[in-house]
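Asker: Below: one structure in structure tokens.
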Amino acid sequence: MGLLSDPNRRRALISLLTRLNAPICGMPVDWLVKTMQARGLEVFTQRFSRTLPFPDENNERYIVEGTNVYGILRAPRAPRTEALVLSAPCSPGDDNNQAVGLLLGLAHYFRNQVFWAKDIIFLVNEHDLIGMQAWLEGYHHTNTTGMDWSPLQGRGGSIQAALSLELSSDVVTSLDIVLEGLNGQLPNLDLANLFYAFCQKIGVLCTIQGRIQRNDWDSVSGYSHAVQTMMLMVMKQASGRSWGDHGLFLRYHIEAATIKGINSFRQYKTDATTVGRLLEGMYRKLNNLLERLHQSYFFYLMPSLSHFVSIGYYMPAFGLLAVILLLRALDLWVQLATPPSRNEDGVADIEQSSTGVLSVLTPLVISHLTGAALYMLPVRFQEMAVEHFQVSETEAVVLTAIAVYTGGLALPHNTHRLISGEGTEQGWRVLKLVAVLYLAVLLGCTALINFSLGFILALTLVPVASFVTPHVPKLLSAVVLVILSPAFTLLFSVFIFQELQEMPVSFQDGWMLYLSVISQGILDHYLYGSLVYPLIALMVYPCWLLFWNILFWK
Amino acid sequence: MAAPLTLLLVVAVTIRAALYRSSLAEVIAERVEVVSPITAWKRVIEGLALLDLGVSPYSGDVFHETPLVIYLFHFLVDYAEITFMLADVISAIALYLAVKEYNKQVVRKKQKFALEADRYPQDCLELIRSPKEMLYIPLKVAMFYLLNPFTILSCVAKSTCGLNNAVISLFILTTIKGNALLSAVFLCLATYQSIYPLTLCAPAMLYLMQRQYIPVNYRRASFWWFVVQYLFMYLGSLFVLICLSFFLLGSWDYLPSVYGFILSVPDLTPNIGLFWYFFAEMFEHFRLFFLCVFQINVFFYTVPLSIKLKDHPVFLMFMQLAVISIFKSYPTVGDIALYMALLPVWSHLHRFLRNIFLVSCVLLACSVLFPVLWHLWIYAGSANSNFYYAITLLFNVAQILLVSDYFYAFLRREHHLIHGLYLKKKDGSEATLVLK
């Protein structure tokens, strides 16, 4: 017995799907409410509205309003303490109609089963992540992002797991799982294993990062295929974006993943019934959970669906990079402590004499003020920029950010006029010691929270940080330092990301993509609380500026 | 010296006032590293609310501060921020004056010994400090206390640790000035707040005896007479305070709530101390044994340290403060800030310190890692309590290493003062000093 073995139900599902194929403006709230009620769910809606800090490229407006519709299937015989969520984002147009249809079909089927021990919430959210954020905040009674939403009238228990569906065509040849969530957080590996196990059982082709895994691990091409898959995951995790609606669940300790149906014109096609059976199987497994998923890893990288690299393997690589910085700090300490002509006040440790501390304080304060400017100015002054220049708001924000970033490069030549005569040999050593330790601690904390971001930053910043002194050839080092700065790292990452996805872009398109990535990063920070933009603007960029200061030390 | 000190006070008060007005104040007030179940401002408000309702503030096991504190805030709750800023300012000024007085005595002692210059070997002259070097030390001490991020966090969180620090600083000031009565009174206030400053009796008595030229010899009657006098003043004030608290609230239930709470550690909220993890995973029938072991650990170091450092009571006071801050049952970063403020007084020991770089790096890294691992444990769910406790352990180990390093440097300097700076073996070749 499986889903839709009953011909009546199959017909009902097909009629639903055909109906949804017709283009609809906005979300058909009333129709969804009626359909869900007809299937015996308790249906509720939630209105939300959000003022964007600046209009996104896709929605050229400041205010986003929408409605979420969700129906709760109550567990027939269990107390209502736990819940599972199945969600499908509904955008205007027919982008995700098949997923909504499948969701409704599944709701109908699940309603007739008696073994459900947890409530199942079928959620159709509007405007993707914004709607999902509004629903989650309403469900958990938090308000972290300043969104306006109407309170939820109906609730299930505490959510144990969630799946989000994205199906854009009737015909599906493979299913892709997306794991990367907000701030690089990943669901428990058990969820990915569950998906893979069911795909194997039912015989559906499954992929991760849109790439099929190969079996020839020994050959060079097979190995490089796996490395490329892993690099894609690293880049997606480092961006701090939520790559599917599931990403926002992870903050609330809810294991979630997004399942995308891909139509890549293969010979063997899978139909909606099989996908439905897969989801039913996964939900039955999740239904049997006695505790939250916590047995497997939370920190992993996946070169393919059946292999993973755990934190015990990849953290030592980062640790070795951090050790370089610590050794350089130790070397500077020894240099500072041993020169022959000194008096007692010159010993350079953290609790040292006021002259030493003061000389370091000025570059530190100025760098951090520049970082604060990079964080606050782009969004604050977009109106002024739009008045004076002929650009849209989004471009104004991005171009202001780039302008402040480049403006910071001119600083060292001006900073020295403020410090009164402390441009000695010892001065830059103290500054470098502080900067190297600051970078080490910063990278360590970043790697703990979002390993990929920490690793990419470490790869580009550590070599430069160790080698820069005022005595290396200035022009060459300045060029190297700029090329390895965070902004250029982002630019190269954009190009490499496109290459890895086998959609290489020309320089023009790459540049436009880069600008949109910056604006998306800033938007993510304001909308969902992504930490990448404040981290880079307020901490990594000032740290890099300190090294730039050291290079131009007089 | 008044002008730089005033400038420093103005800067410190500005920073605190700015932080009070920002949105960070609520975030900081909930951090477990900054507030403990004893010192949290939320609990003081709760106790005040219960008092206003006419119920004993100790019912409900929420409020664990002393009755004097609750009566103080009964009148001052609207001016709470000013009270805490004032407490920090008082601590800073008290430490400034105390260190200035102490430096004067060091100079007097050294100058006296310089007259009998054959007392010290010739090559030790570079170890003896001149008054000019010591001129800025009191200002540095005040700066270290006021501008320490730990103190600022503690003040912005309105943790009553600031009041404890103020009382202990006043105790240090009155002891160094030589006023035995006031010293006993302030020590009794500090003990009344949290039991652990009891161990500061020993350095106080040693210092006052040294100042009054009473030889520290247990066979002499003057020694015992002084001890009896001091203990009488101390215990008398303590008795008065306890009875006063009884009359203020009309019942004895503050005794189990305050002192029973400190000693029996029922609340196992994670903090930067060592108790919570152990007691969270301990079996019930071993609990009393380990409780005794942990509590005796705090008090025990007084005895050997007093015997070794009986000629250097101010350093003993520093070591005792450090031991209390590390090993007490609910430490917070405010306690650490107090003994770290005294580090500039021993800045002449830098040349003998062996681990200062490692210790500073570890303390800095751990302070930054505390909130990161807390986030990973509580919010992201990817870590667990072991990660947080690892950082706690590392932090405390670094503090212990810092304190023992200073102890080693102090003893080594004393050794050099007696035996000469450049040691030679019997055949004239250079000798190295090894600590066994």
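Lettering and numbering for the structure tokens are positional, with chains as A, B, ... in the shown order, residues counted from 1 in each chain, and ligands counted from 1 in the shown order.
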Please identify every residue of chain B that has at least one atom no farther than 9 Å from an atom of chain A, counting only C-alpha atoms, and for each give the shortest atom pair and the distance in Å to one decimal, arranged by chain then increasing number, as a Markdown table.

Answerer:
```
| residue | atom | partner | partner_atom | distance |
| --- | --- | --- | --- | --- |
| B:Glu133 | CA | A:Asp345 | CA | 8.8 |
| B:Lys140 | CA | A:Ser354 | CA | 8.8 |
| B:Phe144 | CA | A:Glu351 | CA | 8.9 |
| B:Leu343 | CA | A:Glu351 | CA | 8.5 |
| B:Pro344 | CA | A:Glu351 | CA | 7.9 |
| B:Ser347 | CA | A:Gln352 | CA | 8.8 |
| B:His348 | CA | A:Glu344 | CA | 7.9 |
| B:His350 | CA | A:Val347 | CA | 7.9 |
| B:Arg351 | CA | A:Glu344 | CA | 8.2 |
| B:Ile356 | CA | A:Asp349 | CA | 7.6 |
| B:Phe357 | CA | A:Asp349 | CA | 6.8 |
| B:Leu358 | CA | A:Leu330 | CA | 8.9 |
| B:Ser360 | CA | A:Ile350 | CA | 7.0 |
| B:Cys361 | CA | A:Leu437 | CA | 7.7 |
| B:Leu364 | CA | A:Val441 | CA | 8.3 |
| B:Ala365 | CA | A:Val441 | CA | 5.9 |
| B:Val368 | CA | A:Val441 | CA | 7.5 |
| B:Leu369 | CA | A:Cys445 | CA | 6.6 |
| B:Val372 | CA | A:Cys445 | CA | 6.6 |
| B:Leu373 | CA | A:Leu448 | CA | 8.1 |
| B:His375 | CA | A:Ile449 | CA | 8.8 |
| B:Leu376 | CA | A:Ile449 | CA | 7.2 |
| B:Tyr379 | CA | A:Arg251 | CA | 6.9 |
| B:Ala380 | CA | A:Arg251 | CA | 6.0 |
| B:Gly381 | CA | A:His253 | CA | 6.2 |
| B:Ser382 | CA | A:Phe298 | CA | 5.8 |
| B:Ala383 | CA | A:Phe298 | CA | 8.6 |
```

Asker: Any chance you can output those residues with C-alpha atoms as a JSON list (two decimals), in the first residue's frame?

Answerer:
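out_21.json written:
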```json
[["chain", "number", "residue", "atom", "x", "y", "z"],
["B", 133, "GLU", "CA", 59.64, 54.76, 38.18],
["B", 140, "LYS", "CA", 47.95, 52.73, 36.09],
["B", 144, "PHE", "CA", 43.50, 49.04, 34.85],
["B", 343, "LEU", "CA", 49.02, 43.85, 38.53],
["B", 344, "PRO", "CA", 50.82, 47.16, 37.78],
["B", 347, "SER", "CA", 55.37, 45.58, 37.20],
["B", 348, "HIS", "CA", 58.95, 45.42, 38.41],
["B", 350, "HIS", "CA", 58.34, 41.50, 34.57],
["B", 351, "ARG", "CA", 61.86, 40.48, 33.93],
["B", 356, "ILE", "CA", 53.26, 36.04, 30.48],
["B", 357, "PHE", "CA", 52.82, 35.83, 26.70],
["B", 358, "LEU", "CA", 51.13, 32.44, 26.75],
["B", 360, "SER", "CA", 47.82, 36.70, 28.00],
["B", 361, "CYS", "CA", 47.03, 34.97, 24.70],
["B", 364, "LEU", "CA", 42.29, 36.83, 25.53],
["B", 365, "ALA", "CA", 41.28, 33.87, 23.37],
["B", 368, "VAL", "CA", 36.39, 35.78, 23.15],
["B", 369, "LEU", "CA", 35.51, 32.09, 22.91],
["B", 372, "VAL", "CA", 30.97, 31.83, 20.79],
["B", 373, "LEU", "CA", 30.76, 28.43, 22.46],
["B", 375, "HIS", "CA", 26.02, 30.37, 21.25],
["B", 376, "LEU", "CA", 27.01, 27.06, 19.70],
["B", 379, "TYR", "CA", 21.38, 28.45, 20.33],
["B", 380, "ALA", "CA", 22.82, 26.40, 17.50],
["B", 381, "GLY", "CA", 22.64, 23.10, 19.36],
["B", 382, "SER", "CA", 25.78, 21.86, 17.67],
["B", 383, "ALA", "CA", 28.00, 21.80, 20.74]]
```

Asker: Neighbouring residues of B:Leu76 were defined as those with any atom within 12 Å, considering only C-alpha atoms; residues of the same chain fewer than 6 positions away were excluded. Please report them as number ranges by chain.

Answerer: B: 44-45, 48, 69-70, 82-84

Asker: Do you have the atom CA of B:Phe410-atom CA of B:Leu349 distance handy?

Answerer: 6.5 Å

Asker: What is the atom CA of B:Phe407 to atom CA of B:Phe186 distance in Å?

Answerer: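 Taking atom CA of B:Phe407 and atom CA of B:Phe186, their separation equals 26.4 Å.
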
Asker: Which value, in Å to one decimal, gives the distance between atom CA of B:Pro197 and atom CA of B:Asn217?

Answerer: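 Atom CA of B:Asn217 lies at a distance of 24.1 Å from atom CA of B:Pro197.
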
Asker: I want to know what sits within 8 Å of A:Gln213, based on only C-alpha atoms, with residues of the same chain fewer than 3 positions away left out; could you give that as an MDAnalysis selection string?

Answerer: chainID A and resid 207 226 304:305

Asker: For the residues selected in the previous step, produce a file with C-alpha atoms as a tab-separated table (two decimals), in the first residue's frame.

Answerer:
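See again26.tsv below for the written result:
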```tsv
chain	number	residue	atom	x	y	z
A	207	THR	CA	22.13	14.43	-6.24
A	226	ALA	CA	34.21	14.84	-5.56
A	304	SER	CA	28.96	13.19	-2.35
A	305	LEU	CA	25.76	11.93	-0.82
```

Asker: What residues in stretch 22-57 of chain A get the DSSP label alpha helix (DSSP H)? Please answer as a list in words.

Answerer: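 Checking each residue of stretch 22-57 of chain A, the alpha helix (DSSP H) ones are Val29, Asp30, Trp31, Leu32, Val33, Lys34, Thr35, Met36, Gln37 and Ala38 of chain A.
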
Asker: Write the residues you've just listed into a file as a PDB file, in the first residue's frame, and include N, CA and C atoms for each of them.

Answerer:
```
ATOM      1  N   VAL A  29      -4.905  32.551  -1.831  1.00  0.00           N
ATOM      2  CA  VAL A  29      -5.092  32.262  -0.402  1.00  0.00           C
ATOM      3  C   VAL A  29      -6.419  31.575  -0.155  1.00  0.00           C
ATOM      4  N   ASP A  30      -7.485  32.142  -0.716  1.00  0.00           N
ATOM      5  CA  ASP A  30      -8.810  31.586  -0.405  1.00  0.00           C
ATOM      6  C   ASP A  30      -8.947  30.176  -0.924  1.00  0.00           C
ATOM      7  N   TRP A  31      -8.422  29.971  -2.161  1.00  0.00           N
ATOM      8  CA  TRP A  31      -8.526  28.627  -2.725  1.00  0.00           C
ATOM      9  C   TRP A  31      -7.745  27.631  -1.889  1.00  0.00           C
ATOM     10  N   LEU A  32      -6.557  28.045  -1.408  1.00  0.00           N
ATOM     11  CA  LEU A  32      -5.749  27.140  -0.581  1.00  0.00           C
ATOM     12  C   LEU A  32      -6.468  26.814   0.708  1.00  0.00           C
ATOM     13  N   VAL A  33      -7.062  27.859   1.310  1.00  0.00           N
ATOM     14  CA  VAL A  33      -7.763  27.629   2.580  1.00  0.00           C
ATOM     15  C   VAL A  33      -8.888  26.633   2.377  1.00  0.00           C
ATOM     16  N   LYS A  34      -9.655  26.858   1.288  1.00  0.00           N
ATOM     17  CA  LYS A  34     -10.783  25.963   1.034  1.00  0.00           C
ATOM     18  C   LYS A  34     -10.312  24.546   0.763  1.00  0.00           C
ATOM     19  N   THR A  35      -9.256  24.413  -0.044  1.00  0.00           N
ATOM     20  CA  THR A  35      -8.793  23.066  -0.390  1.00  0.00           C
ATOM     21  C   THR A  35      -8.275  22.339   0.836  1.00  0.00           C
ATOM     22  N   MET A  36      -7.522  23.057   1.652  1.00  0.00           N
ATOM     23  CA  MET A  36      -6.977  22.386   2.836  1.00  0.00           C
ATOM     24  C   MET A  36      -8.090  21.999   3.784  1.00  0.00           C
ATOM     25  N   GLN A  37      -9.087  22.879   3.910  1.00  0.00           N
ATOM     26  CA  GLN A  37     -10.187  22.531   4.810  1.00  0.00           C
ATOM     27  C   GLN A  37     -10.931  21.321   4.290  1.00  0.00           C
ATOM     28  N   ALA A  38     -11.053  21.245   2.931  1.00  0.00           N
ATOM     29  CA  ALA A  38     -11.747  20.094   2.356  1.00  0.00           C
ATOM     30  C   ALA A  38     -11.005  18.813   2.650  1.00  0.00           C
TER      31      ALA A  38
END
```

Asker: Give me the residues within 8 Å of stretch 488-495 of chain A as a list in words, counting only C-alpha atoms and dropping any in the same chain fewer than 2 places off.

Answerer: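 With the cut-off at 8 Å, the set is Met235, Thr460, Val482, Ile483, Leu484, Ser485, Pro486, Phe497, Gln498, Glu499, Pro504, Val505, Gly510, Trp511, Leu513 and Tyr514 of chain A.
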
Asker: Which residue, B:Lys110, B:Arg21, B:Lys328, B:Lys42, has the smallest gap to B:Glu65 when you use only C-alpha atoms?

Answerer: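 Going through B:Lys110, B:Arg21, B:Lys328, B:Lys42 one by one, the smallest distance to B:Glu65 is for B:Lys42.
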
Asker: Extract, using only C-alpha atoms, all DNA, RNA and protein residues at most 12 Å from B:Thr392, discarding same-chain residues fewer than 5 positions from it, and format them as number ranges by chain.

Answerer: B: 32-33, 270-277, 326, 331-333, 362-363, 365-371, 373-374, 385-387, 397-399

Asker: Hey, which of A:Gly371, A:Gly454, A:Pro534, A:Gly427 ends up closest to A:Thr469? Count only C-alpha atoms.

Answerer: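 Ranked by minimum distance to A:Thr469, first place goes to A:Gly427.
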
Asker: Please provide as a VMD selection string all residues within 12 Å of A:Gly281, with the sequence filter that same-chain residues fewer than 2 positions apart are discarded (counting only C-alpha atoms).

Answerer: chain A and resid 1 to 3 106 110 194 to 199 201 to 202 274 to 279 283 to 288

Asker: What does the file look like for those residues with N, CA and C atoms, as a short mmCIF file (atom, residue, chain, number, x, y, z; two decimals), in the first residue's frame?

Answerer:
```
data_model
loop_
_atom_site.label_atom_id
_atom_site.label_comp_id
_atom_site.auth_asym_id
_atom_site.auth_seq_id
_atom_site.Cartn_x
_atom_site.Cartn_y
_atom_site.Cartn_z
N MET A 1 0.86 -1.19 0.00
CA MET A 1 0.00 0.00 0.00
C MET A 1 0.88 1.23 0.00
N GLY A 2 0.66 2.02 -0.89
CA GLY A 2 1.46 3.25 -0.92
C GLY A 2 0.58 4.40 -1.31
N LEU A 3 1.22 5.49 -1.52
CA LEU A 3 0.45 6.67 -1.86
C LEU A 3 -0.23 6.46 -3.20
N LEU A 106 -0.41 15.00 -0.60
CA LEU A 106 0.10 14.29 0.57
C LEU A 106 -0.78 14.54 1.78
N PHE A 110 -2.19 11.61 3.95
CA PHE A 110 -1.81 11.45 5.36
C PHE A 110 -3.03 11.46 6.27
N LEU A 194 18.95 9.99 5.71
CA LEU A 194 17.57 9.52 5.55
C LEU A 194 17.12 9.68 4.10
N PHE A 195 17.40 10.86 3.56
CA PHE A 195 17.02 11.14 2.18
C PHE A 195 17.72 10.18 1.24
N TYR A 196 19.01 9.99 1.44
CA TYR A 196 19.77 9.12 0.54
C TYR A 196 19.27 7.68 0.63
N ALA A 197 19.00 7.23 1.86
CA ALA A 197 18.55 5.85 2.02
C ALA A 197 17.23 5.63 1.30
N PHE A 198 16.33 6.60 1.42
CA PHE A 198 15.05 6.42 0.76
C PHE A 198 15.15 6.50 -0.75
N CYS A 199 16.03 7.38 -1.22
CA CYS A 199 16.22 7.44 -2.68
C CYS A 199 16.72 6.11 -3.22
N LYS A 201 16.22 3.24 -1.85
CA LYS A 201 15.20 2.20 -1.71
C LYS A 201 14.16 2.31 -2.80
N ILE A 202 13.75 3.54 -3.08
CA ILE A 202 12.67 3.71 -4.05
C ILE A 202 13.22 3.74 -5.47
N THR A 274 6.03 8.86 -7.27
CA THR A 274 7.23 8.33 -6.62
C THR A 274 7.78 9.33 -5.61
N VAL A 275 7.77 10.59 -6.03
CA VAL A 275 8.26 11.60 -5.08
C VAL A 275 7.39 11.60 -3.84
N GLY A 276 6.08 11.44 -4.06
CA GLY A 276 5.19 11.38 -2.91
C GLY A 276 5.50 10.21 -2.01
N ARG A 277 5.81 9.06 -2.64
CA ARG A 277 6.13 7.88 -1.81
C ARG A 277 7.41 8.11 -1.02
N LEU A 278 8.34 8.79 -1.66
CA LEU A 278 9.59 9.10 -0.96
C LEU A 278 9.32 9.97 0.27
N LEU A 279 8.52 11.01 0.04
CA LEU A 279 8.24 11.91 1.16
C LEU A 279 7.44 11.20 2.25
N TYR A 283 8.60 10.87 6.05
CA TYR A 283 7.81 11.37 7.17
C TYR A 283 7.44 10.28 8.14
N ARG A 284 7.26 9.06 7.65
CA ARG A 284 6.99 7.99 8.61
C ARG A 284 8.20 7.74 9.50
N LYS A 285 9.39 7.84 8.90
CA LYS A 285 10.59 7.68 9.73
C LYS A 285 10.69 8.80 10.77
N LEU A 286 10.43 10.03 10.32
CA LEU A 286 10.53 11.14 11.26
C LEU A 286 9.45 11.04 12.33
N ASN A 287 8.34 10.44 11.95
CA ASN A 287 7.25 10.27 12.90
C ASN A 287 7.67 9.38 14.06
N ASN A 288 8.56 8.43 13.76
CA ASN A 288 8.93 7.47 14.80
C ASN A 288 10.03 7.97 15.71
#
```

Asker: Considering only C-alpha atoms, can you say which of A:Ser169, A:Thr273, A:Gln501, A:Gln335 comes closest to A:Gln98?

Answerer: A:Ser169

Asker: Near A:Glu42, within 7 Å and counting only C-alpha atoms, which residues show up once chain neighbours fewer than 4 positions away are dropped, as a PyMOL selection string?

Answerer: chain A and resi 37+71-73

Asker: Here is a test: counting only C-alpha atoms, which residue of B:Ile38, B:Ile176, B:Ala17, B:Ile168 is nearest to B:Asp267?

Answerer: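 Closest to B:Asp267, using only C-alpha atoms: B:Ile38.
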